[in-house]
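What follows is a set of notes on a single structure, which appears directly below.
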Amino acid sequence: MYAKVIVDVPSRQTNRPYDYFVPPALIPWVEVGSRVGVPFGNRTVQGFVVDLTKRPDVAAGKLKDIAGVLDAHPPLTPELVELGRWVSRTYLCHEITALQAMIPGALKAKYERLVRLEPYEESELAFLVPRQLELIRYLEAKGSVPLDDLIQRYPGEGEWIKEQIRKGRFSETNSIRDRVGRKKLLTVYPPEPPELLEQYAGELPARAARQKDVLDYLRSNPHPVPLAELTKKLGVGAGTVKGLADKGWISIREVEVFRDPYADRDFRRTAPLPLTPEQEKVFGSISRSLTNSVHRVFLLHGVTGSGKTEVYLQSIQQCLDLGREAIVLVPEISLTPQMVERFKGRFGDQVAVLHSRLSQGERYDEWRKITLGQVKVAIGARSAVFAPFTRLGLIILDEEHESSYKQEDSPKYHAREVAIRRARYFGAAVVLGSATPSLESYARAAEEKPDHPDADEEALAASRKYRLLVMKDRVEGRPLPPVHIVDMRSELKDGNRSMFSRPLYNAIEQRLQRKEQTVLLLNRRGYSTFVMCRTCGYTLSCPHCDISLTYHQSSQAVRCHYCGYAERQAQVCPNCASEHIRYFGTGTQRVEEELAKLFPGIRVIRMDIDTTSEKGAHEKWLTQFANQQADVLLGTQMVAKGLDFPNVTLVGVIAADTMLNLPDFRAAERTFQLMTQVAGRAGRHHLPGEVFVQTYTPEHYSVQCASRHDFHSFVHTELEMRKLRDYPPYCRMILVTLSHEQIPLLVRTAETFAARVKEMASAEAARTGVLSDMEVLGPVASPISRIKDRYRFQCLIKYRKDTSVSERVREAVSSFDDLVRQERLQISVDVDPYLLM
DNA sequence: GGAGTCTAGAAT
DNA sequence: TTCTAGACTCCA
């Protein structure tokens, strides 16, 4: 038996399977999807089995053995292995990179080189310097030591150590270790049968009162109990219990446990709520496709507060009833405790929760529950789309339009596309839910034609279009809150230079009097932390990147967000030596200060990157706000999503248009989405809500449409714009960024690259007789023209129908292989990019 | 990605 | 002619 293995070496040359012999002892363990250790070159690396075969491609004599299998259960399924190949081709990355993205970070291999001392003669030590002698003694005492540790402990002896290894005086072994182990818990087991406890109690000397307590406890609770729990409950030391174990009366064993981040929380079980007629209709469509097991993509356009979550919950229930599994994807930022609570409340411990706030160990354990088949539902951010289920029936993407579904580093996949691909494999349903669907999705969605439902279904399946489902009404008929647009230009003209307009100021004051609560939103982008001299206007920027430095109040330093460069905060301007250098805190900090000035005594909770980085901080602030321990919740995007507080009657957007001026063709769409989302936070319960939007461009259609809650007009106008300027959804794009330390070489190469792509397309056209509709824009300097002392140029490739464009790009990129190696040129490819930086 | 190997130019 | 640094190649 032989296995094809993708090895953990991300390079062009090793981006293909290698054949290995499976030793007979390992045959039961090696499956497609297994994680194995294999000898590669002169070391051992991790790899994934992607195929099993009886006839290898290479002469059998040349093959090496698989060194070992790393997990009891394969971390990947055959379906995921196949998906990995698809991801690597679609998004142009190495296959190993795609496979690694599917497993938790805890399983990323940690390679260790262990050094051990070989037998030697005392006389050989005569020539050593004292330091080396010390090193020998250390090795002797320790047995084997990781090479890195040894070099660190004895700096300057690195060369000598290597020489010893070369000469065979030290032997070297490689090991692959997981970053996180499984958690073991010492557990106390009563004897078998437990009746023996009576007898032991009798034998116990009278002075051993503590040990008697332990025996008594076990007599009344004859079950295994964690040692820590027992000692805490009875107030005895671990030694007391160990004493009993030493007598052989009870036993203490290590038991593997899951780290459960929600262990100490009780979730109130909830029953399904009655559905409104609209919800009923939507649920009916999803339910039909689940029952028939046909793959279908639904775009669920439901206004904020229309009860999408309840539809999700009941659809999942239906999916589980059919014996299948479900994945729920939410944007990282909206994976709030409230959200988790709803799912845990309905499905209890059938749910695994995966998000970035968990420790690596917790994440691994939640994920392992899926591989071991202990849960049926996974809820999490982007990467949860790879949850290793084998009977998937339903994938839900909530807030489908969110840009966080697109991964920004390799593999640069979009969770929506991966979800659809997986669902097609399983004959599963996908539900894309949003109050503000992305234009890409909306353009692909078609409404049901009531007169020919069946014929319509077939046409839909053939065209790969989405089925549009609409929910226009809010639950219990609460109206959407009125949105007031405040023109900040006229505020300025009237002499108001504060960041609060008079209408918003008055509204906040009113809430304070009425003891109601306010949510204030500040767009982070365009308002972030920077350092500027008020005398000469000089801004501190990174010496290695073309970007301004950001100020971190906590460490009193300025930092570069891209390369990590940091310097201490300066007292005077480095340019003109003026003392009027101003450290602008985060935008939210400034707003907080101003609030305190305008409304003395106001209680503000500020939520931004700074205040929520700590584990559990997010939850703590929201609980405080829910308990009305603050008047205002002030924050960045994270306060716009999914929060639901009955006492909030006012929402203020400080500056609605900070994004509009960014070089981003989705700027209008993002502005509209954010405003619509945040407006939905007000007046969700019996108190009526109100929204104030401050802006310098009140006439912009994204602001206007959002204030009227008018999605259709917005989409209409925006689609016109996109068509006019030839942007998605009217074309597809691939962004290729080239970077190098020297501009002349970079420009030359980028130009050759652009020409090469065109060349390859016309060669292909000549071969097939089909003309390509591809066009190549650029090369031009990237908006961030330098990062880590490397200049950056980009080419934007647009196309509509030509399906082989990514293949052409791949060819073009690989034709620059020599340059990449020789000149340390870097080429990065982003298919369907979100950021054109 | 990493190590052994090849090769061209500099030091001897 | 020997030494050494950087490029090249291969890994099953």
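Simple scheme: letters A, B, ... for chains in structure tokens order, numbers from 1 for residues in each chain, numbers from 1 for ligands in the order shown.
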
Interface, chain B side, toward chain A (9 Å; only C-alpha atoms (C1' of nucleotides)) as a ChimeraX atom specification: /B:1-3

I need the chain C residues near chain A as a ChimeraX atom specification; criterion: at most 12 Å, counting only C-alpha atoms (C1' of nucleotides). /C:6-12

Next, dump the selected residues to file, keeping only C-alpha atoms (C1' of nucleotides), as an mmCIF file, in the first residue's frame.
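File written: selection31.cif
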data_model
loop_
_atom_site.group_PDB
_atom_site.id
_atom_site.type_symbol
_atom_site.label_atom_id
_atom_site.label_comp_id
_atom_site.auth_asym_id
_atom_site.auth_seq_id
_atom_site.Cartn_x
_atom_site.Cartn_y
_atom_site.Cartn_z
ATOM 1 C "C1'" DG C 6 26.231 32.528 -3.527
ATOM 2 C "C1'" DA C 7 23.144 30.045 -6.985
ATOM 3 C "C1'" DC C 8 20.944 25.766 -8.123
ATOM 4 C "C1'" DT C 9 18.568 21.658 -7.445
ATOM 5 C "C1'" DC C 10 16.167 18.169 -5.367
ATOM 6 C "C1'" DC C 11 13.362 16.082 -1.881
ATOM 7 C "C1'" DA C 12 9.187 10.045 -2.966
#

According to DSSP computed on the backbone, where in segment 234-444 of chain A is there alpha helix (DSSP H)? Give the residues as a PyMOL selection string. chain A and resi 234+238-246+277-292+308-321+337-347+360-371+415-426+439-444

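Residues surrounding DA11 of chain B within 12 Å are C:DT1, C:DT2, C:DC3, C:DT4 [only C-alpha atoms (C1' of nucleotides); sequence separation below 6 positions excluded].
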
Please dump the current selection as a PDB file, in the first residue's frame; keep all heavy atoms.
ATOM      1  P    DT C   1      46.892  23.489 -11.684  1.00  0.00           P
ATOM      2  OP1  DT C   1      47.390  22.110 -11.793  1.00  0.00           O
ATOM      3  OP2  DT C   1      45.663  23.883 -12.410  1.00  0.00           O
ATOM      4  O5'  DT C   1      46.670  23.850 -10.139  1.00  0.00           O
ATOM      5  C5'  DT C   1      47.694  23.569  -9.178  1.00  0.00           C
ATOM      6  C4'  DT C   1      47.227  24.085  -7.839  1.00  0.00           C
ATOM      7  O4'  DT C   1      46.951  25.509  -7.949  1.00  0.00           O
ATOM      8  C3'  DT C   1      45.946  23.430  -7.312  1.00  0.00           C
ATOM      9  O3'  DT C   1      46.163  23.023  -5.960  1.00  0.00           O
ATOM     10  C2'  DT C   1      44.907  24.527  -7.401  1.00  0.00           C
ATOM     11  C1'  DT C   1      45.742  25.791  -7.272  1.00  0.00           C
ATOM     12  N1   DT C   1      45.149  27.006  -7.914  1.00  0.00           N
ATOM     13  C2   DT C   1      44.876  28.107  -7.124  1.00  0.00           C
ATOM     14  O2   DT C   1      45.098  28.153  -5.931  1.00  0.00           O
ATOM     15  N3   DT C   1      44.348  29.165  -7.800  1.00  0.00           N
ATOM     16  C4   DT C   1      44.048  29.246  -9.158  1.00  0.00           C
ATOM     17  O4   DT C   1      43.568  30.262  -9.641  1.00  0.00           O
ATOM     18  C5   DT C   1      44.342  28.071  -9.908  1.00  0.00           C
ATOM     19  C7   DT C   1      44.074  28.019 -11.380  1.00  0.00           C
ATOM     20  C6   DT C   1      44.885  26.993  -9.274  1.00  0.00           C
ATOM     21  P    DT C   2      45.103  22.189  -5.185  1.00  0.00           P
ATOM     22  OP1  DT C   2      45.806  21.191  -4.346  1.00  0.00           O
ATOM     23  OP2  DT C   2      44.048  21.761  -6.120  1.00  0.00           O
ATOM     24  O5'  DT C   2      44.509  23.310  -4.232  1.00  0.00           O
ATOM     25  C5'  DT C   2      45.325  23.852  -3.169  1.00  0.00           C
ATOM     26  C4'  DT C   2      44.545  24.936  -2.453  1.00  0.00           C
ATOM     27  O4'  DT C   2      44.111  25.934  -3.403  1.00  0.00           O
ATOM     28  C3'  DT C   2      43.290  24.444  -1.717  1.00  0.00           C
ATOM     29  O3'  DT C   2      43.266  25.103  -0.450  1.00  0.00           O
ATOM     30  C2'  DT C   2      42.154  24.899  -2.624  1.00  0.00           C
ATOM     31  C1'  DT C   2      42.733  26.201  -3.203  1.00  0.00           C
ATOM     32  N1   DT C   2      42.194  26.668  -4.505  1.00  0.00           N
ATOM     33  C2   DT C   2      41.807  27.989  -4.628  1.00  0.00           C
ATOM     34  O2   DT C   2      41.871  28.786  -3.719  1.00  0.00           O
ATOM     35  N3   DT C   2      41.344  28.336  -5.871  1.00  0.00           N
ATOM     36  C4   DT C   2      41.228  27.523  -6.975  1.00  0.00           C
ATOM     37  O4   DT C   2      40.804  27.950  -8.048  1.00  0.00           O
ATOM     38  C5   DT C   2      41.647  26.156  -6.784  1.00  0.00           C
ATOM     39  C7   DT C   2      41.552  25.182  -7.923  1.00  0.00           C
ATOM     40  C6   DT C   2      42.106  25.778  -5.562  1.00  0.00           C
ATOM     41  P    DC C   3      42.290  24.657   0.708  1.00  0.00           P
ATOM     42  OP1  DC C   3      43.077  24.568   1.958  1.00  0.00           O
ATOM     43  OP2  DC C   3      41.481  23.503   0.242  1.00  0.00           O
ATOM     44  O5'  DC C   3      41.341  25.932   0.822  1.00  0.00           O
ATOM     45  C5'  DC C   3      41.928  27.215   1.034  1.00  0.00           C
ATOM     46  C4'  DC C   3      40.843  28.283   0.883  1.00  0.00           C
ATOM     47  O4'  DC C   3      40.497  28.429  -0.519  1.00  0.00           O
ATOM     48  C3'  DC C   3      39.543  27.972   1.635  1.00  0.00           C
ATOM     49  O3'  DC C   3      39.245  29.105   2.439  1.00  0.00           O
ATOM     50  C2'  DC C   3      38.520  27.726   0.521  1.00  0.00           C
ATOM     51  C1'  DC C   3      39.098  28.529  -0.645  1.00  0.00           C
ATOM     52  N1   DC C   3      38.774  28.030  -2.009  1.00  0.00           N
ATOM     53  C2   DC C   3      38.276  28.922  -2.969  1.00  0.00           C
ATOM     54  O2   DC C   3      38.087  30.105  -2.666  1.00  0.00           O
ATOM     55  N3   DC C   3      38.019  28.459  -4.228  1.00  0.00           N
ATOM     56  C4   DC C   3      38.232  27.180  -4.524  1.00  0.00           C
ATOM     57  N4   DC C   3      37.977  26.782  -5.778  1.00  0.00           N
ATOM     58  C5   DC C   3      38.749  26.256  -3.563  1.00  0.00           C
ATOM     59  C6   DC C   3      38.993  26.721  -2.329  1.00  0.00           C
ATOM     60  P    DT C   4      38.071  29.108   3.485  1.00  0.00           P
ATOM     61  OP1  DT C   4      38.470  29.997   4.589  1.00  0.00           O
ATOM     62  OP2  DT C   4      37.681  27.702   3.746  1.00  0.00           O
ATOM     63  O5'  DT C   4      36.893  29.801   2.670  1.00  0.00           O
ATOM     64  C5'  DT C   4      37.076  31.123   2.157  1.00  0.00           C
ATOM     65  C4'  DT C   4      35.840  31.503   1.361  1.00  0.00           C
ATOM     66  O4'  DT C   4      35.860  30.835   0.071  1.00  0.00           O
ATOM     67  C3'  DT C   4      34.511  31.119   2.022  1.00  0.00           C
ATOM     68  O3'  DT C   4      33.620  32.213   1.868  1.00  0.00           O
ATOM     69  C2'  DT C   4      34.034  29.936   1.202  1.00  0.00           C
ATOM     70  C1'  DT C   4      34.572  30.318  -0.174  1.00  0.00           C
ATOM     71  N1   DT C   4      34.706  29.224  -1.159  1.00  0.00           N
ATOM     72  C2   DT C   4      34.438  29.486  -2.490  1.00  0.00           C
ATOM     73  O2   DT C   4      34.091  30.573  -2.901  1.00  0.00           O
ATOM     74  N3   DT C   4      34.590  28.407  -3.335  1.00  0.00           N
ATOM     75  C4   DT C   4      34.969  27.133  -2.981  1.00  0.00           C
ATOM     76  O4   DT C   4      35.075  26.252  -3.844  1.00  0.00           O
ATOM     77  C5   DT C   4      35.231  26.918  -1.585  1.00  0.00           C
ATOM     78  C7   DT C   4      35.642  25.560  -1.105  1.00  0.00           C
ATOM     79  C6   DT C   4      35.090  27.960  -0.732  1.00  0.00           C
TER      80       DT C   4
END

10 Å contact set for Ser739 of chain A, only C-alpha atoms (C1' of nucleotides), chain neighbours under 4 positions out, as a PyMOL selection string: chain A and resi 743+745-747+749-750+781-782+785-787+789-794+820+824-828

Those same residues, written as a PDB file, in the first residue's frame with N, CA and C atoms?
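Below is the file again.pdb, written as the result:
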ATOM      1  N   ILE A 743      12.891  50.130  -7.365  1.00  0.00           N
ATOM      2  CA  ILE A 743      11.807  50.553  -8.241  1.00  0.00           C
ATOM      3  C   ILE A 743      12.061  50.221  -9.722  1.00  0.00           C
ATOM      4  N   LEU A 745      13.760  47.935 -11.374  1.00  0.00           N
ATOM      5  CA  LEU A 745      13.549  46.530 -11.701  1.00  0.00           C
ATOM      6  C   LEU A 745      12.078  46.150 -11.563  1.00  0.00           C
ATOM      7  N   LEU A 746      11.456  46.688 -10.514  1.00  0.00           N
ATOM      8  CA  LEU A 746      10.054  46.375 -10.250  1.00  0.00           C
ATOM      9  C   LEU A 746       9.173  46.850 -11.394  1.00  0.00           C
ATOM     10  N   VAL A 747       9.384  48.089 -11.827  1.00  0.00           N
ATOM     11  CA  VAL A 747       8.553  48.640 -12.900  1.00  0.00           C
ATOM     12  C   VAL A 747       8.736  47.821 -14.180  1.00  0.00           C
ATOM     13  N   THR A 749       9.692  44.734 -14.460  1.00  0.00           N
ATOM     14  CA  THR A 749       9.104  43.403 -14.309  1.00  0.00           C
ATOM     15  C   THR A 749       7.587  43.462 -14.382  1.00  0.00           C
ATOM     16  N   ALA A 750       7.011  44.466 -13.723  1.00  0.00           N
ATOM     17  CA  ALA A 750       5.553  44.578 -13.709  1.00  0.00           C
ATOM     18  C   ALA A 750       5.029  44.778 -15.130  1.00  0.00           C
ATOM     19  N   ALA A 781       1.490  51.978  -9.405  1.00  0.00           N
ATOM     20  CA  ALA A 781       1.931  51.841  -8.020  1.00  0.00           C
ATOM     21  C   ALA A 781       0.718  51.500  -7.154  1.00  0.00           C
ATOM     22  N   SER A 782       0.871  50.610  -6.200  1.00  0.00           N
ATOM     23  CA  SER A 782      -0.227  50.248  -5.301  1.00  0.00           C
ATOM     24  C   SER A 782      -0.557  51.438  -4.407  1.00  0.00           C
ATOM     25  N   SER A 785       2.298  52.187  -1.401  1.00  0.00           N
ATOM     26  CA  SER A 785       3.298  51.952  -2.439  1.00  0.00           C
ATOM     27  C   SER A 785       4.554  51.281  -1.906  1.00  0.00           C
ATOM     28  N   ARG A 786       4.667  51.164  -0.571  1.00  0.00           N
ATOM     29  CA  ARG A 786       5.857  50.518  -0.028  1.00  0.00           C
ATOM     30  C   ARG A 786       5.509  49.874   1.304  1.00  0.00           C
ATOM     31  N   ILE A 787       5.907  48.630   1.507  1.00  0.00           N
ATOM     32  CA  ILE A 787       5.740  47.944   2.789  1.00  0.00           C
ATOM     33  C   ILE A 787       7.041  47.210   3.095  1.00  0.00           C
ATOM     34  N   ASP A 789      10.078  48.209   3.316  1.00  0.00           N
ATOM     35  CA  ASP A 789      11.140  48.604   2.383  1.00  0.00           C
ATOM     36  C   ASP A 789      11.028  47.963   1.009  1.00  0.00           C
ATOM     37  N   ARG A 790       9.881  47.412   0.711  1.00  0.00           N
ATOM     38  CA  ARG A 790       9.686  46.854  -0.622  1.00  0.00           C
ATOM     39  C   ARG A 790       8.639  47.707  -1.336  1.00  0.00           C
ATOM     40  N   TYR A 791       8.966  48.117  -2.542  1.00  0.00           N
ATOM     41  CA  TYR A 791       8.000  48.886  -3.333  1.00  0.00           C
ATOM     42  C   TYR A 791       6.996  47.941  -3.950  1.00  0.00           C
ATOM     43  N   ARG A 792       5.811  48.471  -4.205  1.00  0.00           N
ATOM     44  CA  ARG A 792       4.719  47.610  -4.676  1.00  0.00           C
ATOM     45  C   ARG A 792       4.037  48.194  -5.913  1.00  0.00           C
ATOM     46  N   PHE A 793       3.908  47.376  -6.935  1.00  0.00           N
ATOM     47  CA  PHE A 793       3.159  47.738  -8.128  1.00  0.00           C
ATOM     48  C   PHE A 793       2.081  46.692  -8.354  1.00  0.00           C
ATOM     49  N   GLN A 794       0.978  47.104  -8.941  1.00  0.00           N
ATOM     50  CA  GLN A 794      -0.087  46.124  -9.134  1.00  0.00           C
ATOM     51  C   GLN A 794      -0.689  46.180 -10.539  1.00  0.00           C
ATOM     52  N   VAL A 820      11.727  35.465  -9.277  1.00  0.00           N
ATOM     53  CA  VAL A 820      11.290  35.385  -7.906  1.00  0.00           C
ATOM     54  C   VAL A 820      12.431  34.840  -7.047  1.00  0.00           C
ATOM     55  N   ARG A 824      14.692  37.939  -5.561  1.00  0.00           N
ATOM     56  CA  ARG A 824      13.800  38.034  -4.401  1.00  0.00           C
ATOM     57  C   ARG A 824      12.583  38.915  -4.719  1.00  0.00           C
ATOM     58  N   LEU A 825      12.062  38.704  -5.893  1.00  0.00           N
ATOM     59  CA  LEU A 825      10.818  39.361  -6.292  1.00  0.00           C
ATOM     60  C   LEU A 825       9.664  38.620  -5.622  1.00  0.00           C
ATOM     61  N   GLN A 826       8.618  39.358  -5.250  1.00  0.00           N
ATOM     62  CA  GLN A 826       7.441  38.685  -4.701  1.00  0.00           C
ATOM     63  C   GLN A 826       6.226  38.987  -5.561  1.00  0.00           C
ATOM     64  N   ILE A 827       5.448  37.955  -5.827  1.00  0.00           N
ATOM     65  CA  ILE A 827       4.218  38.150  -6.586  1.00  0.00           C
ATOM     66  C   ILE A 827       3.073  37.599  -5.757  1.00  0.00           C
ATOM     67  N   SER A 828       2.062  38.428  -5.519  1.00  0.00           N
ATOM     68  CA  SER A 828       0.911  37.910  -4.787  1.00  0.00           C
ATOM     69  C   SER A 828      -0.353  38.072  -5.637  1.00  0.00           C
TER      70      SER A 828
END

Can you tell me, as number ranges by chain, what residues are no more than 12 Å from Glu720 of chain A when counting only C-alpha atoms (C1' of nucleotides), ignoring any on the same chain fewer than 6 positions away? A: 439, 443, 713-714, 726-730

Restricted to N, CA, C and O atoms, what would the selected residues look like written as a short mmCIF file (atom, residue, chain, number, x, y, z; two decimals), in the first residue's frame?
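Writing the result to out.cif gives the following:
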data_model
loop_
_atom_site.label_atom_id
_atom_site.label_comp_id
_atom_site.auth_asym_id
_atom_site.auth_seq_id
_atom_site.Cartn_x
_atom_site.Cartn_y
_atom_site.Cartn_z
N LEU A 439 -23.94 43.39 -3.59
CA LEU A 439 -24.43 43.55 -4.97
C LEU A 439 -24.16 42.31 -5.79
O LEU A 439 -24.95 41.94 -6.65
N ALA A 443 -27.30 40.50 -7.52
CA ALA A 443 -27.36 40.39 -8.97
C ALA A 443 -27.54 38.94 -9.42
O ALA A 443 -28.03 38.69 -10.51
N SER A 713 -33.76 51.24 -4.23
CA SER A 713 -33.22 52.40 -4.95
C SER A 713 -31.71 52.40 -4.88
O SER A 713 -31.03 52.73 -5.85
N PHE A 714 -31.20 52.05 -3.72
CA PHE A 714 -29.74 52.04 -3.60
C PHE A 714 -29.13 51.06 -4.59
O PHE A 714 -28.22 51.39 -5.34
N ASP A 726 -17.59 49.67 -15.01
CA ASP A 726 -17.14 48.31 -15.25
C ASP A 726 -16.48 47.69 -14.02
O ASP A 726 -15.28 47.43 -13.99
N TYR A 727 -17.27 47.53 -13.00
CA TYR A 727 -16.81 46.88 -11.77
C TYR A 727 -17.73 45.71 -11.47
O TYR A 727 -18.82 45.62 -12.02
N PRO A 728 -17.31 44.82 -10.55
CA PRO A 728 -18.21 43.74 -10.15
C PRO A 728 -19.55 44.31 -9.69
O PRO A 728 -19.54 45.40 -9.12
N PRO A 729 -20.68 43.66 -9.91
CA PRO A 729 -20.82 42.31 -10.45
C PRO A 729 -20.78 42.24 -11.99
O PRO A 729 -21.08 41.17 -12.52
N TYR A 730 -20.41 43.33 -12.67
CA TYR A 730 -20.39 43.26 -14.14
C TYR A 730 -19.09 42.70 -14.69
O TYR A 730 -18.96 42.52 -15.90
#

Write out as a PyMOL selection string all residues of segment 491-612 of chain A that DSSP puts in strand (DSSP E or B) for this structure's backbone. chain A and resi 517-521+531-533+539+541+548+550-552+557-559+566-568+581-583+604-607

Emit the selected residues as a compact mmCIF listing (two decimals), in the first residue's frame, including C-alpha atoms.
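Contents of the output file again_38.txt:
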# COMPACT_ATOMS: atom_id res chain seq x y z
CA GLN A 517 -29.71 54.55 26.31
CA THR A 518 -27.74 55.67 23.27
CA VAL A 519 -25.47 53.86 20.82
CA LEU A 520 -22.87 56.01 19.06
CA LEU A 521 -20.98 54.73 16.04
CA VAL A 531 0.55 61.83 15.06
CA MET A 532 0.67 65.28 13.56
CA CYS A 533 2.60 68.48 14.21
CA THR A 539 2.78 63.52 10.18
CA SER A 541 5.27 57.99 9.00
CA SER A 548 1.54 56.87 8.74
CA THR A 550 -0.36 54.90 14.65
CA TYR A 551 -0.25 55.96 18.26
CA HIS A 552 -0.74 53.42 21.03
CA ALA A 557 4.72 54.43 21.48
CA VAL A 558 4.02 54.87 17.80
CA ARG A 559 3.81 51.76 15.68
CA ALA A 566 7.92 51.09 16.70
CA GLU A 567 9.47 54.14 18.29
CA ARG A 568 8.95 55.96 21.55
CA ILE A 581 2.98 67.86 18.33
CA ARG A 582 -0.36 66.29 18.91
CA TYR A 583 -1.07 62.60 19.53
CA VAL A 604 -19.78 55.94 28.61
CA ILE A 605 -18.66 52.46 27.59
CA ARG A 606 -16.12 52.63 24.82
CA MET A 607 -15.65 49.56 22.64

Find the spatial neighbours of segment 460-463 of chain A, counting only C-alpha atoms (C1' of nucleotides), within a cut-off of 10 Å - ignore same-chain residues fewer than 5 positions away - and output them as number ranges by chain. A: 294-297, 444-448, 454-455

Restrict the selected residues to N, CA and C atoms and save them as a CSV table (one decimal), in the first residue's frame.
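Final output, saved to out-v9.csv:
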chain,number,residue,atom,x,y,z
A,294,VAL,N,-31.7,18.5,-2.3
A,294,VAL,CA,-31.2,19.1,-3.5
A,294,VAL,C,-30.4,20.4,-3.1
A,295,HIS,N,-29.2,20.5,-3.8
A,295,HIS,CA,-28.4,21.7,-3.5
A,295,HIS,C,-29.1,22.9,-4.0
A,296,ARG,N,-29.2,23.9,-3.2
A,296,ARG,CA,-29.8,25.2,-3.6
A,296,ARG,C,-29.2,26.3,-2.8
A,297,VAL,N,-29.0,27.5,-3.4
A,297,VAL,CA,-28.6,28.6,-2.7
A,297,VAL,C,-29.7,29.6,-2.5
A,444,ARG,N,-27.1,38.0,-8.6
A,444,ARG,CA,-27.3,36.6,-9.0
A,444,ARG,C,-28.6,36.0,-8.5
A,445,ALA,N,-29.4,36.7,-7.8
A,445,ALA,CA,-30.6,36.2,-7.2
A,445,ALA,C,-31.8,36.4,-8.1
A,446,ALA,N,-32.7,35.4,-8.2
A,446,ALA,CA,-33.9,35.6,-9.0
A,446,ALA,C,-35.1,35.2,-8.1
A,447,GLU,N,-36.1,36.0,-8.3
A,447,GLU,CA,-37.4,35.8,-7.5
A,447,GLU,C,-38.1,34.6,-8.1
A,448,GLU,N,-38.9,34.0,-7.3
A,448,GLU,CA,-39.7,32.8,-7.7
A,448,GLU,C,-40.8,33.3,-8.6
A,454,ASP,N,-42.0,24.6,-11.1
A,454,ASP,CA,-41.2,23.5,-11.3
A,454,ASP,C,-40.2,23.8,-12.4
A,455,ALA,N,-40.7,24.3,-13.6
A,455,ALA,CA,-39.8,24.7,-14.7
A,455,ALA,C,-38.8,25.7,-14.2
